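Everything below concerns the one structure shown next.
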Amino acid sequence: LLDAGHGDDDPGAVGPMGKKGPTEKDINLQIMQYAAKELRRRGATVIVTRNDDTFYSLDARVQKIRDVKPDLSISVHGNSLAVTSNYGATSGFLTFYSYNKFHDAVNTINTAICEEMGFKPYSIRQANLSLTRLTICPAVLLETAFLSNPSDYEFLIKEDNQQAFGKAIAQAAQEYLEGIAMYKQKIVATHIVAKGETLSSIARKYGVTVHELQTVNKITNKNVIYVGQQLSIPEKE
């Protein structure tokens, strides 16, 4: 599922040209549409929250994600600084998330987009956002660049760059989905981590090894799991 932030009478962030030039809502929609087109070309089924200059509330967007239950949710936004800030000092692409419990989707997407676009990679940012605190699917919010930075803004309003961004998002989504696809035929159950459980106790419950659980769920530290985390349970070997 792809979400283009803002819309209609909610322009989002504005650049140096103010509302007379392309605003965040316009740029978000263009990039999202390029990403959707590229993903469909690659064979994916793509659902979008908006495909024109229409405003949908955060609640409506979240409800659509819950209803659709997608394999992945990506929300496209643009960043900005307050009017009293030094606009030229802050720029770049950022990836936001609330929970990273689905096969490290957040780092996979952040890294892939940075590599495709040739961006300097920044650390992923955890935040309590309506569109990322979903637990039914991996959900990320992308801040493509800072519209308040003249150089970033000039970059974002160029169609070639919007198209490149869309393709980078499609590539990132494909890398994540292909990464988890290799395990699908071996998955026999899912398990929601409860309070007091450890990876070892869950492994014993299903008759699998801790290593198998780590591999299938891309868990790097066997001692770190979270209450509410969804784990894929592989078939016994």
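Going by the structure tokens order, chains are called A, B, ..., each with residues numbered from 1, while ligands are numbered from 1 in the order shown.
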- request: Name the residues of region 33-191 of chain A that come out as strand (DSSP E) in a backbone DSSP run; write them as an MDAnalysis selection string.
  value: chainID A and resid 73:79 94:97 125:126 139:146 187:191
- request: Using only C-alpha atoms, determine which residues lie at most 9 Å from region 69-73 of chain A, disregarding the query and same-chain residues fewer than 5 positions distant; provide the list as a list in words.
  value: Leu1, Leu2, Asp3, Val46, Ile47, Lys64, Ala105, Leu131, Thr132, Ile136, Cys137, Pro138, Ala139, Val140, Leu141, Ala173, Tyr176 and Leu177 of chain A
Expected file: the selected residues, all heavy atoms, as a CSV table (one decimal), in the first residue's frame:
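Final output, saved to result.csv:
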chain,number,residue,atom,x,y,z
A,1,LEU,N,0.8,-1.2,0.0
A,1,LEU,CA,0.0,0.0,0.0
A,1,LEU,C,0.9,1.2,0.0
A,1,LEU,O,1.8,1.3,0.8
A,1,LEU,CB,-0.9,0.0,1.2
A,1,LEU,CG,-1.9,1.2,1.3
A,1,LEU,CD1,-3.2,0.7,1.9
A,1,LEU,CD2,-1.3,2.3,2.2
A,2,LEU,N,0.5,2.2,-0.9
A,2,LEU,CA,1.3,3.4,-0.9
A,2,LEU,C,0.4,4.6,-0.5
A,2,LEU,O,-0.8,4.7,-1.0
A,2,LEU,CB,1.8,3.7,-2.4
A,2,LEU,CG,2.8,2.7,-2.9
A,2,LEU,CD1,3.2,3.0,-4.3
A,2,LEU,CD2,4.1,2.6,-2.0
A,3,ASP,N,0.9,5.5,0.3
A,3,ASP,CA,0.2,6.7,0.7
A,3,ASP,C,0.9,7.9,0.4
A,3,ASP,O,2.1,8.1,0.7
A,3,ASP,CB,0.0,6.5,2.3
A,3,ASP,CG,-0.6,7.8,2.9
A,3,ASP,OD1,-1.7,8.2,2.5
A,3,ASP,OD2,0.2,8.4,3.7
A,46,VAL,N,-0.9,-3.1,-6.1
A,46,VAL,CA,-0.7,-1.9,-5.4
A,46,VAL,C,-2.0,-1.2,-5.1
A,46,VAL,O,-2.9,-1.0,-5.9
A,46,VAL,CB,0.2,-0.9,-6.2
A,46,VAL,CG1,0.5,0.4,-5.4
A,46,VAL,CG2,1.5,-1.6,-6.6
A,47,ILE,N,-2.2,-0.9,-3.8
A,47,ILE,CA,-3.4,-0.1,-3.3
A,47,ILE,C,-2.8,1.3,-2.9
A,47,ILE,O,-1.8,1.3,-2.3
A,47,ILE,CB,-4.0,-0.8,-2.1
A,47,ILE,CG1,-4.4,-2.2,-2.5
A,47,ILE,CG2,-5.3,0.0,-1.7
A,47,ILE,CD1,-5.4,-2.4,-3.5
A,64,LYS,N,-7.9,2.4,6.2
A,64,LYS,CA,-7.7,1.7,4.9
A,64,LYS,C,-6.6,0.7,5.0
A,64,LYS,O,-6.7,-0.4,4.5
A,64,LYS,CB,-7.4,2.7,3.8
A,64,LYS,CG,-7.3,2.1,2.4
A,64,LYS,CD,-7.5,3.1,1.3
A,64,LYS,CE,-7.7,2.4,0.0
A,64,LYS,NZ,-8.0,3.3,-1.1
A,105,ALA,N,12.2,-4.6,8.1
A,105,ALA,CA,11.8,-3.9,6.9
A,105,ALA,C,12.3,-2.5,6.8
A,105,ALA,O,12.6,-2.0,5.7
A,105,ALA,CB,10.2,-3.9,6.9
A,131,LEU,N,0.7,6.8,11.0
A,131,LEU,CA,0.9,5.9,9.8
A,131,LEU,C,2.0,4.9,10.0
A,131,LEU,O,2.2,4.1,9.1
A,131,LEU,CB,1.1,6.7,8.6
A,131,LEU,CG,-0.2,7.5,8.1
A,131,LEU,CD1,0.2,8.5,7.1
A,131,LEU,CD2,-1.2,6.5,7.5
A,132,THR,N,2.7,5.0,11.1
A,132,THR,CA,3.8,4.0,11.3
A,132,THR,C,3.5,3.1,12.6
A,132,THR,O,4.2,2.1,12.7
A,132,THR,CB,5.1,4.7,11.5
A,132,THR,OG1,5.1,5.6,12.6
A,132,THR,CG2,5.5,5.4,10.2
A,136,ILE,N,-0.2,-4.4,12.1
A,136,ILE,CA,-0.6,-5.5,11.2
A,136,ILE,C,0.3,-5.7,10.1
A,136,ILE,O,0.2,-6.7,9.4
A,136,ILE,CB,-2.1,-5.2,10.7
A,136,ILE,CG1,-2.1,-3.9,9.9
A,136,ILE,CG2,-3.1,-5.1,11.9
A,136,ILE,CD1,-3.4,-3.7,9.2
A,137,CYS,N,1.2,-4.7,9.8
A,137,CYS,CA,2.1,-4.9,8.7
A,137,CYS,C,3.3,-3.9,8.9
A,137,CYS,O,3.2,-3.0,9.7
A,137,CYS,CB,1.4,-4.5,7.4
A,137,CYS,SG,1.0,-2.7,7.2
A,138,PRO,N,4.4,-4.2,8.2
A,138,PRO,CA,5.5,-3.2,8.3
A,138,PRO,C,5.1,-1.9,7.7
A,138,PRO,O,4.5,-1.9,6.6
A,138,PRO,CB,6.6,-3.9,7.6
A,138,PRO,CG,6.0,-4.8,6.7
A,138,PRO,CD,4.7,-5.3,7.4
A,139,ALA,N,5.3,-0.8,8.4
A,139,ALA,CA,4.9,0.5,8.0
A,139,ALA,C,6.0,1.6,8.2
A,139,ALA,O,6.5,1.7,9.3
A,139,ALA,CB,3.6,1.0,8.8
A,140,VAL,N,6.3,2.2,7.1
A,140,VAL,CA,7.3,3.3,7.2
A,140,VAL,C,6.8,4.6,6.6
A,140,VAL,O,5.9,4.6,5.8
A,140,VAL,CB,8.6,2.9,6.4
A,140,VAL,CG1,9.3,1.7,7.0
A,140,VAL,CG2,8.3,2.7,4.9
A,141,LEU,N,7.3,5.7,7.1
A,141,LEU,CA,7.0,7.0,6.5
A,141,LEU,C,8.3,7.6,6.0
A,141,LEU,O,9.3,7.7,6.7
A,141,LEU,CB,6.4,7.9,7.6
A,141,LEU,CG,5.9,9.3,7.1
A,141,LEU,CD1,4.6,9.7,7.8
A,141,LEU,CD2,6.9,10.3,7.2
A,173,ALA,N,10.8,-1.7,-2.0
A,173,ALA,CA,9.7,-2.6,-1.7
A,173,ALA,C,9.9,-4.0,-2.2
A,173,ALA,O,9.7,-5.0,-1.6
A,173,ALA,CB,8.4,-2.0,-2.2
A,176,TYR,N,12.5,-5.9,-0.1
A,176,TYR,CA,12.0,-6.4,1.1
A,176,TYR,C,11.1,-7.6,0.9
A,176,TYR,O,11.2,-8.6,1.6
A,176,TYR,CB,11.2,-5.3,1.8
A,176,TYR,CG,10.4,-5.8,3.0
A,176,TYR,CD1,11.0,-6.3,4.1
A,176,TYR,CD2,9.0,-5.9,2.9
A,176,TYR,CE1,10.2,-6.9,5.2
A,176,TYR,CE2,8.2,-6.5,3.9
A,176,TYR,CZ,8.8,-6.9,5.0
A,176,TYR,OH,8.1,-7.5,6.0
A,177,LEU,N,10.2,-7.5,-0.1
A,177,LEU,CA,9.2,-8.5,-0.3
A,177,LEU,C,9.8,-9.8,-0.8
A,177,LEU,O,9.4,-10.9,-0.4
A,177,LEU,CB,8.1,-8.0,-1.3
A,177,LEU,CG,7.2,-6.9,-0.7
A,177,LEU,CD1,6.3,-6.4,-1.8
A,177,LEU,CD2,6.4,-7.4,0.4
message: Write out as an MDAnalysis selection string the set of residues from region 2-237 of chain A that DSSP, computed on the backbone, places in helix (DSSP H, G or I).
response: chainID A and resid 24:41 58:68 87:89 105:117 150:156 159:184 199:206 210:217
task: Pick out the closest residue to Gly5 (chain A) from this set: A:Ser130, A:Thr45, A:Ser123, A:Gln171. Count only C-alpha atoms.
output: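 Among A:Ser130, A:Thr45, A:Ser123, A:Gln171, it is A:Ser130 that comes nearest to Gly5 (chain A).
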task: Return the single residue from A:Pro16, A:Gly228, A:Pro121, A:Pro22 that is closest to Ser151 (chain A), with distances computed using only C-alpha atoms.
output: A:Pro16
- request: Excluding Phe93 (chain A) and any residue of its chain fewer than 4 positions from it, enumerate the residues within 12 Å of it, using only C-alpha atoms, and give them as an NGL selection string.
  value: :A and (76-80 or 110-111 or 113-115 or 117-125 or 141-147 or 152 or 155-156 or 165)
Pull N, CA, C and O atoms from the residues just selected and write them as a compact mmCIF listing (two decimals), in the first residue's frame.
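In the end it all went to again-v5.txt:
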# COMPACT_ATOMS: atom_id res chain seq x y z
N VAL A 76 4.51 8.52 1.77
CA VAL A 76 5.45 9.46 1.18
C VAL A 76 5.15 10.88 1.65
O VAL A 76 4.02 11.37 1.46
N HIS A 77 6.15 11.52 2.23
CA HIS A 77 6.00 12.88 2.74
C HIS A 77 7.23 13.70 2.37
O HIS A 77 8.21 13.19 1.82
N GLY A 78 7.17 14.98 2.71
CA GLY A 78 8.32 15.87 2.57
C GLY A 78 8.56 16.57 3.89
O GLY A 78 7.61 16.80 4.66
N ASN A 79 9.77 16.94 4.17
CA ASN A 79 10.12 17.52 5.45
C ASN A 79 10.22 19.04 5.34
O ASN A 79 10.25 19.61 4.25
N SER A 80 10.31 19.70 6.50
CA SER A 80 10.46 21.15 6.51
C SER A 80 10.93 21.60 7.88
O SER A 80 10.73 20.89 8.88
N ASN A 110 15.19 1.68 3.92
CA ASN A 110 16.05 2.87 4.03
C ASN A 110 17.34 2.69 3.24
O ASN A 110 17.75 3.58 2.47
N THR A 111 17.97 1.55 3.42
CA THR A 111 19.25 1.29 2.74
C THR A 111 19.06 1.23 1.22
O THR A 111 19.84 1.81 0.47
N ILE A 113 16.72 2.57 -0.72
CA ILE A 113 16.42 3.86 -1.33
C ILE A 113 17.67 4.73 -1.38
O ILE A 113 17.95 5.38 -2.40
N CYS A 114 18.44 4.74 -0.30
CA CYS A 114 19.67 5.54 -0.28
C CYS A 114 20.64 5.07 -1.36
O CYS A 114 21.28 5.89 -2.04
N GLU A 115 20.75 3.77 -1.53
CA GLU A 115 21.66 3.23 -2.55
C GLU A 115 21.17 3.57 -3.96
O GLU A 115 21.97 3.97 -4.81
N MET A 117 19.25 6.05 -4.90
CA MET A 117 19.26 7.49 -5.16
C MET A 117 20.64 8.12 -4.97
O MET A 117 20.84 9.29 -5.31
N GLY A 118 21.58 7.37 -4.42
CA GLY A 118 22.90 7.92 -4.17
C GLY A 118 22.93 8.89 -3.01
O GLY A 118 23.76 9.80 -2.95
N PHE A 119 22.00 8.71 -2.06
CA PHE A 119 21.91 9.60 -0.90
C PHE A 119 22.88 9.17 0.21
O PHE A 119 23.18 7.99 0.36
N LYS A 120 23.30 10.14 0.99
CA LYS A 120 24.03 9.83 2.21
C LYS A 120 23.04 9.19 3.17
O LYS A 120 22.00 9.78 3.48
N PRO A 121 23.31 7.98 3.65
CA PRO A 121 22.34 7.32 4.52
C PRO A 121 22.35 7.89 5.94
O PRO A 121 23.41 8.06 6.54
N TYR A 122 21.17 8.21 6.44
CA TYR A 122 21.01 8.62 7.82
C TYR A 122 20.37 7.47 8.59
O TYR A 122 19.69 6.62 8.02
N SER A 123 20.55 7.47 9.90
CA SER A 123 19.95 6.42 10.72
C SER A 123 18.44 6.50 10.66
O SER A 123 17.87 7.60 10.55
N ILE A 124 17.78 5.36 10.71
CA ILE A 124 16.33 5.34 10.74
C ILE A 124 15.86 6.03 12.02
O ILE A 124 16.53 5.99 13.05
N ARG A 125 14.69 6.66 11.95
CA ARG A 125 14.18 7.46 13.07
C ARG A 125 12.91 6.84 13.63
O ARG A 125 11.95 6.64 12.90
N LEU A 141 7.34 5.69 7.06
CA LEU A 141 7.02 7.00 6.51
C LEU A 141 8.32 7.60 6.00
O LEU A 141 9.29 7.72 6.74
N LEU A 142 8.32 7.96 4.72
CA LEU A 142 9.52 8.50 4.09
C LEU A 142 9.42 10.02 4.00
O LEU A 142 8.45 10.56 3.47
N GLU A 143 10.42 10.71 4.53
CA GLU A 143 10.54 12.16 4.34
C GLU A 143 11.56 12.33 3.22
O GLU A 143 12.76 12.19 3.44
N THR A 144 11.08 12.60 2.02
CA THR A 144 11.94 12.55 0.84
C THR A 144 13.06 13.57 0.86
O THR A 144 14.16 13.30 0.39
N ALA A 145 12.79 14.76 1.39
CA ALA A 145 13.79 15.82 1.49
C ALA A 145 13.16 17.00 2.22
O ALA A 145 11.97 16.97 2.55
N PHE A 146 13.96 18.05 2.45
CA PHE A 146 13.45 19.22 3.14
C PHE A 146 13.03 20.29 2.13
O PHE A 146 13.87 20.90 1.47
N LEU A 147 11.72 20.51 2.03
CA LEU A 147 11.24 21.54 1.12
C LEU A 147 11.70 22.93 1.55
O LEU A 147 11.75 23.85 0.74
N ASP A 152 17.19 21.21 -1.82
CA ASP A 152 16.32 20.04 -1.75
C ASP A 152 15.04 20.28 -2.54
O ASP A 152 14.56 19.40 -3.26
N PHE A 155 15.54 20.08 -6.20
CA PHE A 155 15.70 18.67 -6.57
C PHE A 155 14.34 17.99 -6.67
O PHE A 155 14.05 17.26 -7.62
N LEU A 156 13.47 18.22 -5.67
CA LEU A 156 12.20 17.50 -5.59
C LEU A 156 11.20 17.90 -6.67
O LEU A 156 10.36 17.09 -7.05
N PHE A 165 12.83 8.77 -7.73
CA PHE A 165 12.43 8.46 -6.35
C PHE A 165 11.37 7.36 -6.35
O PHE A 165 11.41 6.43 -5.54
query: Out of A:Ala36, A:His211, A:Ile27, A:Tyr226, which residue has the shortest atom-to-atom distance to Glu197 (chain A) when counting only C-alpha atoms?
result: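 Comparing A:Ala36, A:His211, A:Ile27, A:Tyr226 against Glu197 (chain A), the winner is A:Tyr226.
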message: Applying 10 Å and only C-alpha atoms, which residues near Gln214 (chain A) remain after dropping the ones on its own chain fewer than 5 positions away? List them as an NGL selection string.
response: :A and (103 or 199 or 203 or 209 or 219-222 or 231-232)
Take the selection from the previous step and output its residues with C-alpha atoms, as an mmCIF file, in the first residue's frame.
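Done, and the output landed in part-v2.cif:
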data_model
loop_
_atom_site.group_PDB
_atom_site.id
_atom_site.type_symbol
_atom_site.label_atom_id
_atom_site.label_comp_id
_atom_site.auth_asym_id
_atom_site.auth_seq_id
_atom_site.Cartn_x
_atom_site.Cartn_y
_atom_site.Cartn_z
ATOM 1 C CA HIS A 103 12.070 -8.896 9.027
ATOM 2 C CA LEU A 199 12.995 -16.808 21.834
ATOM 3 C CA ALA A 203 11.369 -22.299 19.893
ATOM 4 C CA THR A 209 15.607 -24.094 16.964
ATOM 5 C CA ILE A 219 16.498 -11.325 14.379
ATOM 6 C CA THR A 220 20.120 -10.377 14.987
ATOM 7 C CA ASN A 221 20.075 -10.511 18.797
ATOM 8 C CA LYS A 222 18.383 -13.615 20.182
ATOM 9 C CA LEU A 231 7.060 -14.115 14.662
ATOM 10 C CA SER A 232 6.904 -16.476 11.711
#
- prompt: To one decimal place, how far is CA of Glu175 (chain A) from CA of Ala112 (chain A) in Å?
  reply: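 Spanning CA of Glu175 (chain A) to CA of Ala112 (chain A) is a straight-line distance of 7.7 Å.
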